[in-house]
>>> print(open('start-v7.cif').read())   # mmCIF, C-alpha atoms
data_upload
loop_
_atom_site.label_atom_id
_atom_site.label_comp_id
_atom_site.auth_asym_id
_atom_site.auth_seq_id
_atom_site.Cartn_x
_atom_site.Cartn_y
_atom_site.Cartn_z
CA MET A 1 31.78 12.39 -5.96
CA ILE A 2 28.67 13.94 -4.35
CA ARG A 3 26.56 12.18 -6.99
CA ILE A 4 27.89 8.76 -5.94
CA ILE A 5 27.26 9.53 -2.26
CA LEU A 6 23.70 10.69 -3.01
CA THR A 7 23.01 7.55 -5.08
CA ILE A 8 24.31 5.23 -2.34
CA CYS A 9 22.34 7.20 0.26
CA TYR A 10 19.18 6.73 -1.81
CA ILE A 11 19.66 2.99 -2.21
CA LEU A 12 20.37 2.50 1.50
CA LEU A 13 18.16 5.11 3.16
CA ALA A 14 15.09 5.31 0.89
CA PRO A 15 13.38 2.26 2.46
CA LEU A 16 13.99 3.78 5.89
CA ILE A 17 12.60 7.19 4.93
CA GLY A 18 9.77 5.67 2.88
CA GLY A 19 8.77 3.41 5.78
CA LEU A 20 8.81 6.30 8.23
CA LEU A 21 6.69 8.42 5.84
CA ASP A 22 4.27 5.50 5.58
CA GLY A 23 4.13 5.22 9.38
CA LEU A 24 3.58 8.96 9.65
CA ASP A 25 0.80 8.64 7.07
CA ARG A 26 -1.00 6.00 9.13
CA LYS A 27 -0.51 7.94 12.36
CA ILE A 28 -1.82 11.22 10.91
CA SER A 29 -4.73 9.41 9.20
CA ALA A 30 -5.64 7.88 12.58
CA LYS A 31 -5.52 11.29 14.25
CA MET A 32 -7.77 12.71 11.53
CA GLN A 33 -10.26 9.94 12.37
CA ARG A 34 -9.87 10.59 16.14
CA ARG A 35 -8.09 7.28 16.72
CA VAL A 36 -4.83 6.60 18.53
CA GLY A 37 -3.44 4.78 15.52
CA PRO A 38 -0.59 2.29 15.15
CA PRO A 39 2.99 2.98 16.29
CA LEU A 40 5.18 5.04 13.96
CA LEU A 41 7.26 1.95 13.13
CA GLN A 42 4.21 -0.17 12.22
CA PRO A 43 5.13 -0.45 8.49
CA PHE A 44 8.48 -2.03 9.50
CA TYR A 45 6.69 -4.50 11.80
CA ASP A 46 4.40 -5.39 8.90
CA VAL A 47 7.26 -6.04 6.48
CA SER A 48 9.33 -8.03 8.98
CA LYS A 49 6.30 -10.20 9.77
CA LEU A 50 5.70 -10.84 6.05
CA LEU A 51 9.31 -11.99 5.69
CA THR A 52 8.99 -14.57 8.50
CA LYS A 53 5.90 -16.27 7.09
CA ARG A 54 6.14 -19.47 5.10
CA GLU A 55 6.62 -18.49 1.48
CA THR A 56 3.66 -18.83 -0.83
CA ALA A 57 3.44 -17.75 -4.45
CA VAL A 58 0.47 -18.31 -6.70
CA THR A 59 2.81 -18.66 -9.67
CA LYS A 60 6.61 -18.84 -9.73
CA SER A 61 6.90 -16.11 -12.39
CA GLN A 62 5.40 -13.66 -9.91
CA ASN A 63 8.67 -13.72 -7.91
CA PHE A 64 10.72 -12.74 -10.96
CA LEU A 65 8.27 -10.03 -12.04
CA LEU A 66 8.14 -8.41 -8.60
CA ILE A 67 11.92 -8.52 -8.18
CA SER A 68 12.22 -6.82 -11.61
CA TYR A 69 9.69 -4.22 -10.49
CA MET A 70 11.79 -3.53 -7.40
CA VAL A 71 15.15 -3.43 -9.19
CA LEU A 72 13.85 -1.06 -11.89
CA MET A 73 12.29 1.22 -9.28
CA ILE A 74 15.57 1.38 -7.35
CA LEU A 75 17.33 2.09 -10.67
CA THR A 76 14.90 4.96 -11.34
CA GLY A 77 15.73 6.65 -8.05
CA ALA A 78 19.45 5.89 -8.34
CA MET A 79 19.54 7.48 -11.81
CA PHE A 80 17.70 10.51 -10.48
CA PHE A 81 20.10 11.02 -7.57
CA SER A 82 23.13 10.47 -9.79
CA GLY A 83 21.91 13.52 -11.74
CA THR A 84 21.14 11.98 -15.14
CA ASP A 85 18.37 12.70 -17.60
CA ILE A 86 14.99 13.12 -15.90
CA LEU A 87 13.13 11.84 -18.97
CA MET A 88 15.11 8.60 -18.75
CA CYS A 89 14.19 8.27 -15.05
CA PHE A 90 10.50 8.43 -15.86
CA PHE A 91 10.85 5.96 -18.74
CA VAL A 92 12.54 3.46 -16.43
CA MET A 93 9.76 4.06 -13.88
CA SER A 94 7.13 3.25 -16.53
CA THR A 95 8.98 0.01 -17.32
CA ALA A 96 8.93 -0.86 -13.61
CA ALA A 97 5.17 -0.21 -13.51
CA THR A 98 4.74 -2.52 -16.52
CA PHE A 99 6.37 -5.36 -14.56
CA LEU A 100 3.90 -4.73 -11.74
CA TYR A 101 1.09 -4.94 -14.31
CA PHE A 102 2.37 -8.34 -15.45
CA ALA A 103 2.69 -9.52 -11.84
CA GLY A 104 -1.01 -8.71 -11.54
CA VAL A 105 -2.15 -10.50 -14.69
CA VAL A 106 -0.03 -13.70 -14.44
CA THR A 107 -2.35 -14.96 -11.72
CA SER A 108 -5.79 -16.00 -12.86
CA SER A 109 -7.52 -14.09 -10.07
CA PRO A 110 -10.23 -11.82 -11.51
CA TYR A 111 -9.59 -9.23 -8.79
CA ALA A 112 -5.88 -9.02 -9.58
CA SER A 113 -6.68 -8.82 -13.31
CA ILE A 114 -9.16 -5.97 -12.86
CA GLY A 115 -6.64 -4.23 -10.60
CA ALA A 116 -3.93 -4.67 -13.24
CA GLN A 117 -6.19 -3.23 -15.96
CA ARG A 118 -6.84 -0.23 -13.75
CA GLU A 119 -3.11 0.15 -13.09
CA LEU A 120 -2.55 0.32 -16.85
CA LEU A 121 -5.34 2.86 -17.20
CA SER A 122 -3.94 5.06 -14.45
CA MET A 123 -0.52 4.94 -16.15
CA MET A 124 -2.15 6.31 -19.29
CA ILE A 125 -3.89 8.98 -17.24
CA TYR A 126 -0.87 10.33 -15.36
CA GLU A 127 1.75 9.98 -18.10
CA PRO A 128 0.94 13.30 -19.91
CA ALA A 129 1.48 15.29 -16.70
CA VAL A 130 4.80 13.52 -16.10
CA LEU A 131 6.02 14.33 -19.62
CA PHE A 132 4.77 17.89 -19.21
CA ALA A 133 6.84 18.20 -16.03
CA CYS A 134 9.98 17.07 -17.89
CA VAL A 135 9.36 19.53 -20.73
CA GLY A 136 8.71 22.26 -18.16
CA PHE A 137 12.03 21.61 -16.45
CA TYR A 138 13.77 21.88 -19.82
CA LEU A 139 12.07 25.16 -20.73
CA ALA A 140 12.76 26.68 -17.30
CA THR A 141 16.38 25.63 -16.90
CA GLY A 142 17.56 24.66 -20.39
CA SER A 143 18.47 21.10 -19.45
CA PHE A 144 16.91 17.69 -18.88
CA ASN A 145 19.73 16.72 -16.52
CA VAL A 146 18.72 16.54 -12.87
CA ALA A 147 22.14 17.83 -11.80
CA ASP A 148 21.79 20.95 -13.97
CA ILE A 149 18.19 21.58 -12.90
CA ALA A 150 19.20 21.38 -9.23
CA ARG A 151 22.05 23.86 -9.84
CA SER A 152 20.01 26.48 -11.74
CA SER A 153 20.05 30.05 -10.48
CA ASP A 154 16.28 30.24 -9.79
CA SER A 155 13.92 27.62 -8.43
CA ALA A 156 12.06 25.92 -11.28
CA ILE A 157 8.75 26.50 -9.50
CA MET A 158 9.08 30.26 -10.22
CA TYR A 159 8.51 29.47 -13.89
CA LEU A 160 6.48 26.29 -13.45
CA PRO A 161 3.64 26.83 -10.93
CA GLY A 162 1.13 25.23 -13.32
CA PHE A 163 3.39 22.22 -13.93
CA PHE A 164 3.82 21.87 -10.17
CA ILE A 165 0.04 21.77 -9.59
CA ALA A 166 -0.31 19.18 -12.38
CA PHE A 167 2.46 17.02 -10.86
CA VAL A 168 1.03 17.18 -7.34
CA PHE A 169 -2.37 16.27 -8.78
CA ILE A 170 -1.07 13.06 -10.37
CA LEU A 171 0.86 12.21 -7.18
CA THR A 172 -2.49 11.09 -5.75
CA ILE A 173 -2.66 8.48 -8.53
CA LYS A 174 0.99 7.42 -8.20
CA MET A 175 0.82 7.12 -4.41
CA ARG A 176 -2.43 5.10 -4.66
CA LYS A 177 -4.38 7.53 -2.55
CA SER A 178 -8.14 8.01 -2.47
CA PRO A 179 -9.98 9.23 -4.66
CA PHE A 180 -7.66 7.63 -7.25
CA ASP A 181 -6.77 4.33 -5.50
CA LEU A 182 -8.47 2.25 -8.18
CA ALA A 183 -5.74 -0.35 -8.78
CA THR A 184 -5.08 -1.19 -5.15
CA SER A 185 -5.86 0.53 -1.91
CA HIS A 186 -3.96 0.83 1.35
CA HIS A 187 -7.29 0.66 3.09
CA PRO A 188 -8.80 -2.78 3.60
CA ASN A 189 -12.16 -1.90 2.12
CA GLN A 190 -11.94 -2.14 -1.62
CA GLU A 191 -14.62 -3.47 -3.96
CA ILE A 192 -12.04 -5.73 -5.68
CA VAL A 193 -10.45 -7.17 -2.50
CA LYS A 194 -6.84 -5.93 -2.76
CA GLY A 195 -6.86 -5.13 -6.47
CA ILE A 196 -3.55 -5.74 -8.22
CA THR A 197 -2.01 -7.13 -5.01
CA SER A 198 -4.84 -9.64 -4.38
CA ASP A 199 -2.69 -12.64 -5.26
CA ILE A 200 0.52 -11.27 -3.75
CA GLY A 201 1.29 -12.52 -0.27
CA THR A 202 4.10 -13.15 2.25
CA LYS A 203 7.61 -12.31 0.89
CA ASN A 204 6.29 -10.94 -2.40
CA LEU A 205 4.04 -8.48 -0.58
CA ALA A 206 7.05 -7.33 1.42
CA ILE A 207 8.92 -6.70 -1.85
CA PHE A 208 5.94 -4.78 -3.20
CA THR A 209 5.69 -2.66 -0.04
CA VAL A 210 9.41 -1.81 0.06
CA THR A 211 9.29 -0.91 -3.66
CA GLU A 212 6.44 1.46 -2.92
CA TRP A 213 8.65 3.15 -0.32
CA TYR A 214 11.42 3.56 -2.88
CA GLU A 215 8.87 4.97 -5.32
CA ASN A 216 7.45 7.45 -2.80
CA VAL A 217 10.90 8.77 -1.92
CA PHE A 218 11.67 9.18 -5.63
CA LEU A 219 8.40 11.04 -6.23
CA MET A 220 9.06 13.31 -3.27
CA ALA A 221 12.54 13.98 -4.66
CA VAL A 222 10.93 15.09 -7.95
CA VAL A 223 8.67 17.43 -5.96
CA SER A 224 11.73 18.89 -4.25
CA LEU A 225 13.44 19.36 -7.64
CA PHE A 226 10.84 22.06 -8.35
CA VAL A 227 12.26 24.07 -5.44
CA VAL A 228 15.97 23.25 -5.20
CA ASN A 229 18.42 25.74 -6.79
CA LYS A 230 22.10 26.48 -6.34
CA ASN A 231 21.46 28.21 -3.00
CA PRO A 232 21.83 25.57 -0.19
CA ILE A 233 18.98 27.17 1.82
CA SER A 234 16.60 26.05 -0.94
CA ILE A 235 17.14 22.43 0.19
CA VAL A 236 15.52 23.26 3.55
CA VAL A 237 12.64 25.00 1.76
CA ALA A 238 12.29 21.95 -0.50
CA LEU A 239 12.02 19.65 2.56
CA VAL A 240 9.23 21.83 3.96
CA VAL A 241 7.44 21.79 0.58
CA VAL A 242 7.76 17.98 0.41
CA LEU A 243 6.26 17.56 3.90
CA LEU A 244 3.42 19.95 3.03
CA VAL A 245 2.68 18.07 -0.21
CA TYR A 246 2.75 14.76 1.69
CA PHE A 247 0.33 16.14 4.30
CA LEU A 248 -1.94 17.40 1.52
CA GLU A 249 -2.02 13.90 0.01
CA ILE A 250 -3.00 12.39 3.40
CA LEU A 251 -5.72 15.02 3.79
CA ILE A 252 -7.14 14.31 0.31
CA ASP A 253 -6.93 10.58 1.02
CA ASN A 254 -9.01 10.92 4.18
CA ALA A 255 -11.51 13.42 2.82
CA SER A 256 -12.56 11.78 -0.43
CA ALA A 257 -14.16 8.61 -1.75
CA ARG A 258 -12.92 6.43 -4.61
CA VAL A 259 -14.12 7.54 -8.08
CA LYS A 260 -14.76 5.61 -11.29
CA TRP A 261 -11.96 5.52 -13.83
CA GLN A 262 -13.97 7.69 -16.24
CA THR A 263 -14.12 10.46 -13.65
CA MET A 264 -10.43 10.01 -12.89
CA LEU A 265 -9.56 10.30 -16.59
CA LYS A 266 -11.67 13.42 -17.14
CA THR A 267 -10.64 15.34 -14.02
CA THR A 268 -6.96 14.46 -14.29
CA TRP A 269 -6.63 15.32 -17.96
CA VAL A 270 -8.68 18.54 -17.63
CA VAL A 271 -6.69 19.73 -14.59
CA THR A 272 -3.23 18.71 -15.79
CA LEU A 273 -3.67 19.77 -19.43
CA PHE A 274 -5.17 23.10 -18.35
CA THR A 275 -2.66 24.08 -15.63
CA ALA A 276 0.42 22.73 -17.38
CA GLY A 277 -0.81 23.88 -20.82
CA VAL A 278 -1.47 27.48 -19.80
CA ASN A 279 1.86 27.54 -17.99
CA LEU A 280 3.58 26.17 -21.09
CA ILE A 281 2.11 28.85 -23.37
CA ILE A 282 3.08 31.66 -20.99
CA LEU A 283 6.58 30.17 -20.64
CA MET A 284 7.02 30.00 -24.42
CA ILE A 285 5.96 33.65 -24.79
CA ILE A 286 8.19 35.10 -22.06
CA LYS A 287 11.27 32.96 -22.65
CA MET B 1 4.62 -7.17 23.97
CA GLY B 2 8.29 -7.30 23.04
CA LYS B 3 9.28 -9.75 20.32
CA GLY B 4 6.52 -11.50 18.44
CA LEU B 5 3.65 -10.61 16.18
CA LYS B 6 3.14 -6.87 16.11
CA SER B 7 1.04 -6.69 12.99
CA PRO B 8 -1.82 -9.21 13.14
CA TRP B 9 -3.79 -8.91 9.92
CA LEU B 10 -7.30 -10.28 10.18
CA LEU B 11 -9.47 -12.01 7.64
CA HIS B 12 -13.08 -11.62 8.72
CA TYR B 13 -15.54 -14.20 7.42
CA ASP B 14 -19.25 -14.33 8.21
CA GLY B 15 -20.31 -18.00 8.30
CA SER B 16 -24.02 -17.90 9.01
CA SER B 17 -24.13 -15.32 11.73
CA CYS B 18 -27.06 -12.98 12.41
CA ASN B 19 -24.62 -10.06 11.84
CA GLY B 20 -24.60 -9.19 15.54
CA CYS B 21 -21.03 -10.43 16.06
CA ASP B 22 -19.94 -8.90 12.73
CA ILE B 23 -21.06 -5.47 13.91
CA GLU B 24 -19.05 -6.01 17.10
CA VAL B 25 -15.96 -7.11 15.10
CA LEU B 26 -16.17 -3.93 13.05
CA ALA B 27 -16.73 -1.93 16.25
CA CYS B 28 -13.23 -3.03 17.34
CA LEU B 29 -11.78 -0.93 14.51
CA THR B 30 -13.76 2.23 15.30
CA PRO B 31 -12.27 5.14 17.27
CA VAL B 32 -13.67 3.83 20.59
CA TYR B 33 -11.68 0.57 20.63
CA ASP B 34 -9.20 1.29 17.80
CA ALA B 35 -7.62 -2.15 17.37
CA GLU B 36 -5.18 -0.60 14.88
CA ARG B 37 -3.14 0.72 17.82
CA LEU B 38 -2.12 -2.95 18.26
CA GLY B 39 -1.23 -3.14 14.56
CA VAL B 40 -4.46 -4.97 13.73
CA MET B 41 -5.61 -4.51 10.17
CA ASN B 42 -8.77 -5.97 8.67
CA THR B 43 -7.63 -7.24 5.30
CA GLY B 44 -10.03 -8.92 2.91
CA ASP B 45 -7.33 -11.09 1.37
CA PRO B 46 -6.65 -14.62 2.70
CA LEU B 47 -3.16 -14.62 1.14
CA GLN B 48 -2.16 -11.66 3.29
CA ALA B 49 -3.96 -12.58 6.53
CA ASP B 50 -2.55 -14.06 9.77
CA ILE B 51 -5.68 -14.56 11.84
CA LEU B 52 -8.97 -15.91 10.49
CA VAL B 53 -11.87 -14.41 12.42
CA ILE B 54 -15.10 -16.31 11.86
CA THR B 55 -18.56 -15.41 13.13
CA GLY B 56 -21.54 -17.73 12.91
CA GLY B 57 -21.72 -21.48 12.44
CA VAL B 58 -20.71 -23.39 9.33
CA ASN B 59 -23.52 -24.50 7.04
CA ALA B 60 -23.71 -26.98 4.19
CA GLN B 61 -23.17 -24.29 1.54
CA ASN B 62 -20.19 -22.41 2.92
CA GLU B 63 -18.21 -25.37 4.27
CA ALA B 64 -16.03 -25.55 1.15
CA THR B 65 -15.46 -21.77 1.23
CA VAL B 66 -14.31 -21.83 4.86
CA LYS B 67 -11.90 -24.68 4.08
CA GLN B 68 -10.53 -22.87 1.04
CA LEU B 69 -10.00 -19.61 2.92
CA TYR B 70 -8.14 -21.50 5.65
CA GLU B 71 -5.94 -23.32 3.13
CA GLN B 72 -5.10 -20.12 1.22
CA MET B 73 -3.65 -18.48 4.34
CA ALA B 74 0.12 -18.79 4.70
CA ASP B 75 1.66 -20.46 7.79
CA PRO B 76 1.75 -19.57 10.64
CA LYS B 77 -1.98 -18.96 10.99
CA VAL B 78 -4.56 -18.86 13.76
CA VAL B 79 -8.33 -19.24 13.77
CA VAL B 80 -10.49 -17.28 16.23
CA ALA B 81 -14.18 -18.20 16.50
CA ILE B 82 -16.25 -15.20 17.56
CA GLY B 83 -19.65 -15.66 19.24
CA VAL B 84 -21.47 -18.68 20.54
CA CYS B 85 -22.67 -19.73 17.05
CA ALA B 86 -19.09 -19.98 15.78
CA CYS B 87 -18.08 -21.85 18.95
CA THR B 88 -20.84 -24.48 19.04
CA GLY B 89 -23.57 -23.62 16.56
CA GLY B 90 -25.56 -21.69 19.18
CA VAL B 91 -29.31 -21.36 18.72
CA PHE B 92 -28.96 -22.59 15.13
CA LYS B 93 -27.32 -25.86 16.21
CA GLU B 94 -30.37 -28.05 15.52
CA CYS B 95 -31.12 -26.50 12.11
CA TYR B 96 -31.09 -29.00 9.22
CA ASN B 97 -28.48 -27.06 7.24
CA ILE B 98 -26.07 -26.20 10.08
CA LYS B 99 -23.05 -28.43 10.66
CA GLY B 100 -22.28 -26.85 14.02
CA GLY B 101 -19.40 -24.68 15.22
CA VAL B 102 -16.41 -23.70 13.07
CA ASP B 103 -14.35 -26.55 14.62
CA THR B 104 -16.44 -29.07 12.67
CA THR B 105 -14.65 -27.87 9.51
CA ILE B 106 -11.27 -26.33 10.41
CA PRO B 107 -9.17 -26.38 13.62
CA VAL B 108 -10.11 -23.49 15.94
CA ASP B 109 -7.51 -22.04 18.34
CA VAL B 110 -9.44 -19.45 20.33
CA TYR B 111 -13.12 -19.50 21.28
CA VAL B 112 -14.73 -16.16 22.14
CA PRO B 113 -18.25 -16.89 23.45
CA GLY B 114 -21.05 -14.36 23.76
CA CYS B 115 -24.22 -13.38 21.97
CA ALA B 116 -23.08 -11.07 20.65
CA ALA B 117 -19.42 -11.18 21.77
CA ARG B 118 -18.39 -7.80 23.18
CA PRO B 119 -15.57 -5.82 21.50
CA GLN B 120 -13.45 -6.13 24.65
CA ALA B 121 -13.79 -9.91 24.51
CA ILE B 122 -13.00 -9.95 20.79
CA ILE B 123 -9.81 -7.90 21.24
CA ASP B 124 -8.86 -10.17 24.15
CA GLY B 125 -9.44 -13.22 21.95
CA ILE B 126 -7.26 -11.77 19.20
CA LEU B 127 -4.47 -11.13 21.73
CA LYS B 128 -4.75 -14.79 22.82
CA GLY B 129 -4.55 -15.69 19.13
CA ILE B 130 -1.35 -13.64 18.81
CA GLU B 131 0.25 -15.71 21.61
CA ILE B 132 -0.57 -18.92 19.74
CA TYR B 133 0.69 -17.32 16.51
CA ASN B 134 4.02 -16.52 18.18
CA GLN B 135 4.46 -20.15 19.31
CA ARG B 136 3.76 -21.37 15.77
CA ALA B 137 6.09 -18.76 14.27
CA GLU B 138 8.91 -20.04 16.50
CA ALA B 139 8.14 -23.63 15.55
CA LEU B 140 8.17 -22.69 11.87
CA GLU B 141 11.48 -20.87 12.28
CA ARG B 142 13.03 -23.98 13.85
CA GLU B 143 11.56 -26.16 11.10
CA LEU B 144 12.95 -23.94 8.33
CA GLU B 145 16.39 -23.79 9.99
CA GLY B 146 16.35 -27.58 10.28
CA GLY B 147 15.45 -27.82 6.62
CA ILE B 148 18.50 -25.82 5.55
CA ALA B 149 20.98 -27.69 7.81
#
>>> encode(input="start-v7.cif", output="structure tokens")
Amino acid sequence: MIRIILTICYILLAPLIGGLLDGLDRKISAKMQRRVGPPLLQPFYDVSKLLTKRETAVTKSQNFLLISYMVLMILTGAMFFSGTDILMCFFVMSTAATFLYFAGVVTSSPYASIGAQRELLSMMIYEPAVLFACVGFYLATGSFNVADIARSSDSAIMYLPGFFIAFVFILTIKMRKSPFDLATSHHPNQEIVKGITSDIGTKNLAIFTVTEWYENVFLMAVVSLFVVNKNPISIVVALVVVLLVYFLEILIDNASARVKWQTMLKTTWVVTLFTAGVNLIILMIIK
Amino acid sequence: MGKGLKSPWLLHYDGSSCNGCDIEVLACLTPVYDAERLGVMNTGDPLQADILVITGGVNAQNEATVKQLYEQMADPKVVVAIGVCACTGGVFKECYNIKGGVDTTIPVDVYVPGCAARPQAIIDGILKGIEIYNQRAEALERELEGGIA
């Protein structure tokens, strides 16, 4: 029963929470730059404006591809909150990302195409850390099922500090934050206009934005899974950890410049393979 | 402000300006003036923009570009001409390659004179543009409702 309630809560509330997190992001970023910044609800104003504009689509297939991207991303989170296999969640998420890639390349815009290529590259770069995280959860708790991991006697992070660092590291890529915002940037100053979203406007951009909110809430839920155990107090601790991780991402975003994909590949693979790898070896020895 | 446009996204295009007005446009986004507190974002993408901000006059070479940028923007849209060159052609008016102000190529809604236009004036011009945007948004809403019925 609780699984159904959690799943429905995710589908209904994730856009709300994701939008608020986005608003918080912009507000905190503004404060870091000594600006007043937009209102907290600015992301909602943006999306509602996009929905009232006259619809334009560069190609009709873009509508279908972006809707598929959204539906699959919602499915990812819904599967996670219904407590199923975490590996399956990440596979569905990769499928969703593939639809976004196609939405980028169906238009003939060179900027969107370059952005889409970079999106594909970043998928290749973060995927090992994601798979590592799944394997780590299995080794620490003996199950791939989210429900079992969340009900384990100890927090997974006790066994998986290295996996946690690797996962937080790739969050910067997944959340499209500087220095790894190669595919598309939230900031209006990119060398390839708006990257993968260059040819996405009006209603389609609203779909893309809301899907990103769903994705962010899902990713934050995975972060919290590292902390949550059968003790209810751990949920409060997990919320604090999530907010800290989110703040860290904003800080990194504001304190760094975009890198080339070669640098992104090297640093990400070195950091994630090292931290998660060492953790994995230790885990296999002690367990 | 109440109901109406709360997230004006700008597309900034430099026609043939001396860069004076462009510096002032960018100054609007700095901590001193912080136009983002009004929801203003400077996007580089015509498909996502609401307000086209043009500095400098239109010349023979960029006329087609200005037209294309305007056509790529989704309705409702507003054009704000920043600086005297964008309004009338300014000191470059008599040049052989200058067509004149922006209104020789696309319809302009708000004129912000000045050489260079001050950030206060630019923000004021954008707020005027938002009022026009709201009127057009209402008209579009009525048109779309009429289309369904």
>>> closest_residue(input="start-v7.cif", among="A:Leu171, A:Arg151, A:Glu215, A:Ile252", to="Val92 (chain A)", atoms="only C-alpha atoms")
A:Glu215
>>> closest_atom_pairs(input="start-v7.cif", of="chain A", to="chain B", cutoff="7 Å", atoms="only C-alpha atoms", output="CSV")
residue,atom,partner,partner_atom,distance
A:Arg34,CA,B:Pro31,CA,6.1
A:Arg35,CA,B:Pro31,CA,4.7
A:Val36,CA,B:Arg37,CA,6.2
A:Gly37,CA,B:Arg37,CA,4.7
A:Pro38,CA,B:Arg37,CA,4.0
A:Pro39,CA,B:Arg37,CA,6.7
A:Gln42,CA,B:Gly39,CA,6.6
A:Tyr45,CA,B:Lys6,CA,6.1
A:Asp46,CA,B:Ser7,CA,5.5
A:Lys49,CA,B:Leu5,CA,6.9
A:Lys53,CA,B:Asp75,CA,6.0
A:Arg54,CA,B:Asp75,CA,5.3
A:Thr56,CA,B:Ala74,CA,6.6
A:Pro188,CA,B:Thr43,CA,4.9
A:Val193,CA,B:Gly44,CA,5.7
A:Lys194,CA,B:Asp45,CA,6.6
A:Ser198,CA,B:Asp45,CA,6.4
A:Asp199,CA,B:Leu47,CA,6.7
A:Ile200,CA,B:Leu47,CA,7.0
A:Gly201,CA,B:Gln48,CA,5.0
A:Thr202,CA,B:Gln48,CA,6.5
>>> residues_around(input="start-v7.cif", residues="region 66-68 of chain A", least_positions_apart="6", cutoff="8 Å", atoms="all atoms listed in the file", output="ChimeraX atom specification")
/A:96,99-100,103,204,207-208
>>> residues_around(input="start-v7.cif", residues="Gly18 (chain A)", least_positions_apart="6", cutoff="10 Å", atoms="only C-alpha atoms", output="number ranges by chain")
A: 24, 43, 209-218, 220
>>> residues_around(input="start-v7.cif", residues="Thr55 (chain B)", least_positions_apart="4", cutoff="7 Å", atoms="only C-alpha atoms", output="ChimeraX atom specification")
/B:13-15,17,21-22,81-83,86
>>> resolve_selection(input="start-v7.cif", expression="the PyMOL selection byres ((chain A and resi 113) around 12)", output="PyMOL selection string")
chain A and resi 100-112+114-120+183-184+192-199
>>> atom_distance(input="start-v7.cif", atom1="CA of Leu51 (chain A)", atom2="CA of Ala206 (chain A)")
6.7 Å
>>> residues_near_point(input="start-v7.cif", point="(-0.7, 7.7, -2.4)", cutoff="9 Å", atoms="all atoms listed in the file", output="list of chain:residue names")
A:Leu171, A:Thr172, A:Ile173, A:Lys174, A:Met175, A:Arg176, A:Lys177, A:Ser178, A:Phe180, A:Asp181, A:Ser185, A:His186, A:Asn216, A:Tyr246, A:Glu249, A:Ile250, A:Asp253
>>> atom_distance(input="start-v7.cif", atom1="CA of Gly162 (chain A)", atom2="CA of Asn279 (chain A)")
5.3 Å
>>> atom_distance(input="start-v7.cif", atom1="CA of Arg136 (chain B)", atom2="CA of Leu52 (chain B)")
14.8 Å
>>> resolve_selection(input="start-v7.cif", expression="the PyMOL selection byres ((chain B and resi 115) around 9)", output="ChimeraX atom specification")
/B:20-21,83-85,90,113-114,116-118
>>> resolve_selection(input="start-v7.cif", expression="the PyMOL selection byres ((chain A and resi 242) around 12)", output="count of residues only")
31
>>> decode(input="start-v7.cif", residues="region 26-34 of chain B", atoms="N, CA, C and O atoms", output="PDB file, in the first residue's frame")
ATOM      1  N   LEU B  26      24.064  44.632 -21.302  1.00  0.00           N
ATOM      2  CA  LEU B  26      24.645  43.615 -20.425  1.00  0.00           C
ATOM      3  C   LEU B  26      24.733  44.132 -18.990  1.00  0.00           C
ATOM      4  O   LEU B  26      24.608  43.364 -18.038  1.00  0.00           O
ATOM      5  N   ALA B  27      24.925  45.457 -18.844  1.00  0.00           N
ATOM      6  CA  ALA B  27      25.002  46.040 -17.503  1.00  0.00           C
ATOM      7  C   ALA B  27      23.696  45.821 -16.743  1.00  0.00           C
ATOM      8  O   ALA B  27      23.701  45.718 -15.518  1.00  0.00           O
ATOM      9  N   CYS B  28      22.577  45.734 -17.477  1.00  0.00           N
ATOM     10  CA  CYS B  28      21.276  45.501 -16.829  1.00  0.00           C
ATOM     11  C   CYS B  28      21.257  44.185 -16.068  1.00  0.00           C
ATOM     12  O   CYS B  28      20.466  44.008 -15.151  1.00  0.00           O
ATOM     13  N   LEU B  29      22.085  43.227 -16.494  1.00  0.00           N
ATOM     14  CA  LEU B  29      22.057  41.894 -15.875  1.00  0.00           C
ATOM     15  C   LEU B  29      23.074  41.766 -14.745  1.00  0.00           C
ATOM     16  O   LEU B  29      23.108  40.761 -14.053  1.00  0.00           O
ATOM     17  N   THR B  30      23.894  42.782 -14.554  1.00  0.00           N
ATOM     18  CA  THR B  30      24.928  42.719 -13.505  1.00  0.00           C
ATOM     19  C   THR B  30      24.301  42.973 -12.137  1.00  0.00           C
ATOM     20  O   THR B  30      23.155  43.409 -12.050  1.00  0.00           O
ATOM     21  N   PRO B  31      25.053  42.715 -11.049  1.00  0.00           N
ATOM     22  CA  PRO B  31      24.484  42.879  -9.715  1.00  0.00           C
ATOM     23  C   PRO B  31      23.891  44.257  -9.443  1.00  0.00           C
ATOM     24  O   PRO B  31      22.962  44.383  -8.664  1.00  0.00           O
ATOM     25  N   VAL B  32      24.378  45.318 -10.090  1.00  0.00           N
ATOM     26  CA  VAL B  32      23.877  46.667  -9.775  1.00  0.00           C
ATOM     27  C   VAL B  32      22.401  46.798 -10.168  1.00  0.00           C
ATOM     28  O   VAL B  32      21.580  47.267  -9.391  1.00  0.00           O
ATOM     29  N   TYR B  33      22.058  46.379 -11.378  1.00  0.00           N
ATOM     30  CA  TYR B  33      20.677  46.549 -11.852  1.00  0.00           C
ATOM     31  C   TYR B  33      19.871  45.259 -11.747  1.00  0.00           C
ATOM     32  O   TYR B  33      18.680  45.289 -11.547  1.00  0.00           O
ATOM     33  N   ASP B  34      20.538  44.123 -11.906  1.00  0.00           N
ATOM     34  CA  ASP B  34      19.951  42.796 -11.727  1.00  0.00           C
ATOM     35  C   ASP B  34      18.543  42.653 -12.309  1.00  0.00           C
ATOM     36  O   ASP B  34      17.563  42.532 -11.590  1.00  0.00           O
TER      37      ASP B  34
END
